[in-house]
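Text of the file data_30.txt, holding compact mmCIF, C-alpha atoms:
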# COMPACT_ATOMS: atom_id res chain seq x y z
CA MET A 1 -21.16 10.69 -35.23
CA ARG A 2 -18.42 8.26 -36.25
CA LYS A 3 -15.77 10.31 -34.36
CA CYS A 4 -17.99 10.32 -31.26
CA LEU A 5 -18.41 6.52 -31.38
CA THR A 6 -14.68 6.05 -31.90
CA ALA A 7 -13.93 8.26 -28.89
CA LEU A 8 -16.40 6.29 -26.76
CA ALA A 9 -14.86 3.01 -27.88
CA LEU A 10 -11.38 4.25 -26.95
CA LEU A 11 -12.60 5.35 -23.53
CA ALA A 12 -14.26 2.00 -22.94
CA ALA A 13 -11.10 0.15 -24.00
CA GLY A 14 -8.87 2.19 -21.68
CA PRO A 15 -7.68 0.83 -18.35
CA ALA A 16 -10.46 0.44 -15.81
CA PHE A 17 -9.93 2.16 -12.51
CA ALA A 18 -9.38 -0.46 -9.87
CA THR A 19 -11.38 -0.41 -6.71
CA GLY A 20 -9.25 -2.65 -4.56
CA LEU A 21 -6.35 -4.90 -3.74
CA GLU A 22 -6.38 -8.50 -2.63
CA ILE A 23 -3.23 -9.44 -0.73
CA GLN A 24 -2.31 -13.08 -0.04
CA VAL A 25 -0.15 -13.06 3.11
CA GLU A 26 2.22 -15.88 4.08
CA GLY A 27 4.32 -16.35 7.21
CA GLU A 28 3.17 -16.13 10.82
CA ALA A 29 0.05 -14.55 9.33
CA ASN A 30 -1.63 -16.57 6.60
CA GLY A 31 -4.67 -15.47 4.69
CA THR A 32 -6.17 -12.78 2.53
CA ILE A 33 -6.48 -9.05 3.12
CA LYS A 34 -8.96 -7.14 0.95
CA ILE A 35 -8.58 -3.39 0.62
CA ASP A 36 -11.04 -0.91 -0.84
CA LEU A 37 -9.01 1.78 -2.61
CA PHE A 38 -10.14 5.42 -2.53
CA GLU A 39 -9.48 6.52 -6.11
CA ASP A 40 -11.72 9.56 -5.57
CA VAL A 41 -9.59 10.67 -2.58
CA ALA A 42 -6.06 9.89 -3.83
CA PRO A 43 -6.26 9.14 -7.57
CA LYS A 44 -2.53 9.43 -8.35
CA HIS A 45 -1.51 7.21 -5.41
CA VAL A 46 -4.16 4.61 -6.24
CA GLU A 47 -3.08 4.62 -9.87
CA GLN A 48 0.56 4.05 -8.86
CA ILE A 49 -0.04 1.21 -6.41
CA THR A 50 -2.50 -0.57 -8.70
CA ALA A 51 -0.04 -0.31 -11.60
CA LEU A 52 2.71 -1.79 -9.41
CA ALA A 53 0.36 -4.58 -8.31
CA GLU A 54 -0.67 -5.36 -11.90
CA GLU A 55 3.01 -5.57 -12.88
CA GLY A 56 3.62 -8.08 -10.06
CA LYS A 57 6.06 -5.74 -8.29
CA TYR A 58 4.48 -6.31 -4.85
CA ASP A 59 4.56 -10.11 -5.11
CA GLY A 60 7.08 -11.47 -2.60
CA VAL A 61 7.53 -8.16 -0.75
CA VAL A 62 7.80 -8.38 3.05
CA PHE A 63 6.19 -6.48 5.89
CA HIS A 64 9.48 -4.92 6.98
CA ARG A 65 8.29 -2.54 9.72
CA VAL A 66 5.56 -3.67 12.10
CA ILE A 67 4.88 -1.80 15.33
CA GLU A 68 2.49 -3.27 17.91
CA GLY A 69 -0.52 -1.02 18.49
CA PHE A 70 0.38 1.17 15.51
CA MET A 71 0.82 -0.25 11.98
CA ALA A 72 2.30 -2.80 9.55
CA GLN A 73 4.37 -1.36 6.68
CA THR A 74 5.23 -3.03 3.38
CA GLY A 75 5.66 -2.21 -0.30
CA ASP A 76 9.42 -1.66 -0.73
CA VAL A 77 9.63 -3.20 -4.20
CA GLU A 78 13.32 -2.28 -4.49
CA PHE A 79 14.85 -3.67 -1.27
CA GLY A 80 11.98 -5.53 0.40
CA LYS A 81 11.77 -8.79 -1.56
CA ALA A 82 11.68 -11.96 0.52
CA GLY A 83 14.99 -13.81 0.47
CA GLY A 84 16.99 -10.64 -0.15
CA ASP A 85 19.22 -8.60 2.13
CA MET A 86 16.72 -7.14 4.58
CA ARG A 87 19.16 -4.54 5.96
CA ARG A 88 17.92 -1.99 3.39
CA ALA A 89 14.24 -2.98 3.46
CA GLY A 90 12.16 0.16 3.82
CA GLN A 91 14.70 2.43 2.13
CA GLY A 92 13.59 1.82 -1.44
CA GLY A 93 10.76 2.48 -3.82
CA SER A 94 9.89 1.74 -7.41
CA ASP A 95 11.24 3.01 -10.71
CA ARG A 96 8.22 5.32 -10.90
CA PRO A 97 8.40 8.96 -9.77
CA ASP A 98 7.53 10.00 -6.22
CA LEU A 99 4.05 11.45 -5.77
CA ALA A 100 2.79 14.79 -4.51
CA ALA A 101 0.71 14.43 -1.36
CA GLU A 102 -3.05 13.97 -1.75
CA PHE A 103 -4.18 14.75 1.80
CA SER A 104 -7.82 14.33 2.80
CA ASP A 105 -10.13 14.67 5.80
CA ILE A 106 -10.16 10.90 6.36
CA THR A 107 -8.88 10.04 9.81
CA TYR A 108 -6.38 7.27 10.46
CA ASP A 109 -8.61 4.68 12.15
CA ARG A 110 -8.02 0.94 12.53
CA GLY A 111 -7.77 -0.68 9.08
CA VAL A 112 -7.01 2.54 7.18
CA VAL A 113 -4.26 2.21 4.56
CA GLY A 114 -1.82 5.09 4.08
CA MET A 115 1.19 5.77 1.91
CA ALA A 116 4.57 5.74 3.60
CA ARG A 117 6.98 8.51 2.73
CA ALA A 118 10.30 10.09 3.66
CA GLN A 119 10.63 13.52 5.31
CA SER A 120 9.01 15.36 2.39
CA PRO A 121 5.21 15.08 2.13
CA ASP A 122 5.74 14.68 -1.64
CA SER A 123 7.95 11.58 -1.43
CA ALA A 124 5.47 8.67 -1.37
CA ASN A 125 6.28 6.03 -3.97
CA SER A 126 5.44 2.35 -3.44
CA GLN A 127 5.37 1.70 0.30
CA PHE A 128 2.15 1.67 2.29
CA PHE A 129 0.98 0.80 5.79
CA ILE A 130 -2.12 -0.62 7.47
CA MET A 131 -3.23 0.72 10.83
CA PHE A 132 -3.67 -1.68 13.79
CA ALA A 133 -5.25 1.09 15.86
CA PRO A 134 -6.36 4.72 15.45
CA GLY A 135 -3.52 7.18 14.79
CA PRO A 136 -5.12 10.62 14.41
CA PHE A 137 -1.69 12.25 14.73
CA LEU A 138 -1.11 11.08 11.12
CA ASP A 139 -4.19 12.93 9.80
CA GLY A 140 -3.25 15.47 7.12
CA GLN A 141 0.37 14.27 7.20
CA TYR A 142 0.16 11.08 5.11
CA THR A 143 -2.02 10.27 2.09
CA VAL A 144 -4.90 7.89 2.82
CA VAL A 145 -5.38 5.42 -0.06
CA GLY A 146 -7.91 2.92 1.27
CA LYS A 147 -9.33 0.77 4.02
CA VAL A 148 -9.28 -2.94 4.83
CA THR A 149 -12.72 -4.46 4.18
CA GLU A 150 -11.84 -8.10 4.95
CA GLY A 151 -8.94 -9.80 6.67
CA MET A 152 -8.20 -7.58 9.68
CA ASP A 153 -7.61 -10.85 11.54
CA VAL A 154 -4.77 -11.51 9.06
CA VAL A 155 -3.42 -7.97 9.57
CA ASP A 156 -3.55 -8.49 13.35
CA ALA A 157 -1.50 -11.71 12.99
CA ILE A 158 1.39 -10.13 11.01
CA LYS A 159 4.74 -10.74 12.72
CA ARG A 160 5.70 -7.80 14.89
CA GLY A 161 9.02 -6.04 14.66
CA ALA A 162 11.50 -6.29 17.52
CA GLY A 163 14.31 -4.27 15.98
CA PRO A 164 14.92 -0.53 15.81
CA ASN A 165 11.85 1.48 14.75
CA GLY A 166 9.79 -1.70 14.39
CA ALA A 167 12.12 -3.57 12.02
CA VAL A 168 11.14 -7.20 11.72
CA ILE A 169 13.95 -9.53 12.81
CA GLY A 170 14.37 -12.95 11.20
CA GLN A 171 11.76 -14.09 8.71
CA PRO A 172 9.15 -11.37 8.05
CA ASP A 173 5.66 -12.09 6.75
CA THR A 174 5.29 -11.66 3.00
CA MET A 175 2.76 -10.40 0.49
CA ALA A 176 2.99 -13.58 -1.58
CA LYS A 177 0.59 -12.29 -4.24
CA VAL A 178 -1.10 -8.90 -4.68
CA SER A 179 -3.98 -8.69 -7.15
CA VAL A 180 -6.04 -5.76 -8.33
CA THR A 181 -9.79 -6.21 -7.96
CA GLU A 182 -12.58 -4.40 -9.76

Starting from the file, lay out its structure as structure tokens.
Amino acid sequence: MRKCLTALALLAAGPAFATGLEIQVEGEANGTIKIDLFEDVAPKHVEQITALAEEGKYDGVVFHRVIEGFMAQTGDVEFGKAGGDMRRAGQGGSDRPDLAAEFSDITYDRGVVGMARAQSPDSANSQFFIMFAPGPFLDGQYTVVGKVTEGMDVVDAIKRGAGPNGAVIGQPDTMAKVSVTE
């Protein structure tokens, strides 16, 4: 009985699975974006991005690639910090390992949050994107990690990219603070 109670106490004391992110955006867009994370759909991806958020790695990271009618991409914790050299923004990740794809049947509709990756489906790390509009051509190609529940008006206001492949020129909007919510 004592071993059983000890095991239950250890489980209760373990890290709680997060259910969302709250992103404070500053720049042309100002406000809060709330995201419901799908830990039952992409548990390893949700675990990675919530750990990075809890460590403060996303704080001060810019939206480096924003394409009108498509999506806003952010999360490069290596090269995407505001005030840094933006020429490499979007090429980096975190010090954590890349993740194997966790594809689902969820379609890429407006407000869906997906993990960015390189050519390999198993190369997602820290970067993610929020859809401005449906993009069903992404279905089964990129891991879905959540959906915006509040603040799509803030997403819609994020500064658009004018450079190659949607690169934001000048001062990009920033995730000033990213918090994990229960």

| query | When you draw a straight line from CA of Gly31 in chain A to CA of Ser179 in chain A, how long is it in Å? | reply |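 Computing the Euclidean distance for CA of Gly31 in chain A and CA of Ser179 in chain A yields 13.7 Å.
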
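Of the listed residues (A:Val113, A:Val154, A:Ser126, A:Pro43), A:Ser126 comes nearest to Glu78 in chain A; the distances count only C-alpha atoms.
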
| message | Please determine, counting all atoms listed in the file, which residue among A:Phe63, A:Phe137, A:Tyr142, A:Phe79 has the shortest atom-to-atom distance to Ser104 in chain A. | response |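 Nearest candidate to Ser104 in chain A out of A:Phe63, A:Phe137, A:Tyr142, A:Phe79: A:Tyr142.
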
| remark: Taken to one decimal, the CA of Gly146 in chain A-CA of Arg117 in chain A distance is 16.0 Å

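Residue neighbourhood of Leu52 in chain A, excluding near-sequence residues (fewer than 5 positions): Val46, Glu47, Lys57, Tyr58, Asp59, Gly75, Val77, Ser94, Asp95, Arg96, Ser126, Val178, Ser179 and Val180 of chain A, at 10 Å, using only C-alpha atoms.
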
| message | List the spatial neighbours of Met86 in chain A as an MDAnalysis selection string - criterion: any atom at most 10 Å away, all atoms listed in the file, same-chain residues fewer than 4 positions off excluded. | response | chainID A and resid 62 64 79:82 90 167:172

| request: Write out as a list in words which residues come within 7 Å of Arg110 in chain A when counting only C-alpha atoms, dropping same-chain ones fewer than 2 positions away. | output: Tyr108, Val112, Met131, Phe132, Ala133 and Pro134 of chain A

| message | Would you compute the distance between CA of Glu150 in chain A and CA of Gly83 in chain A? Give it in Å to one decimal. | response |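 It comes out at 27.8 Å.
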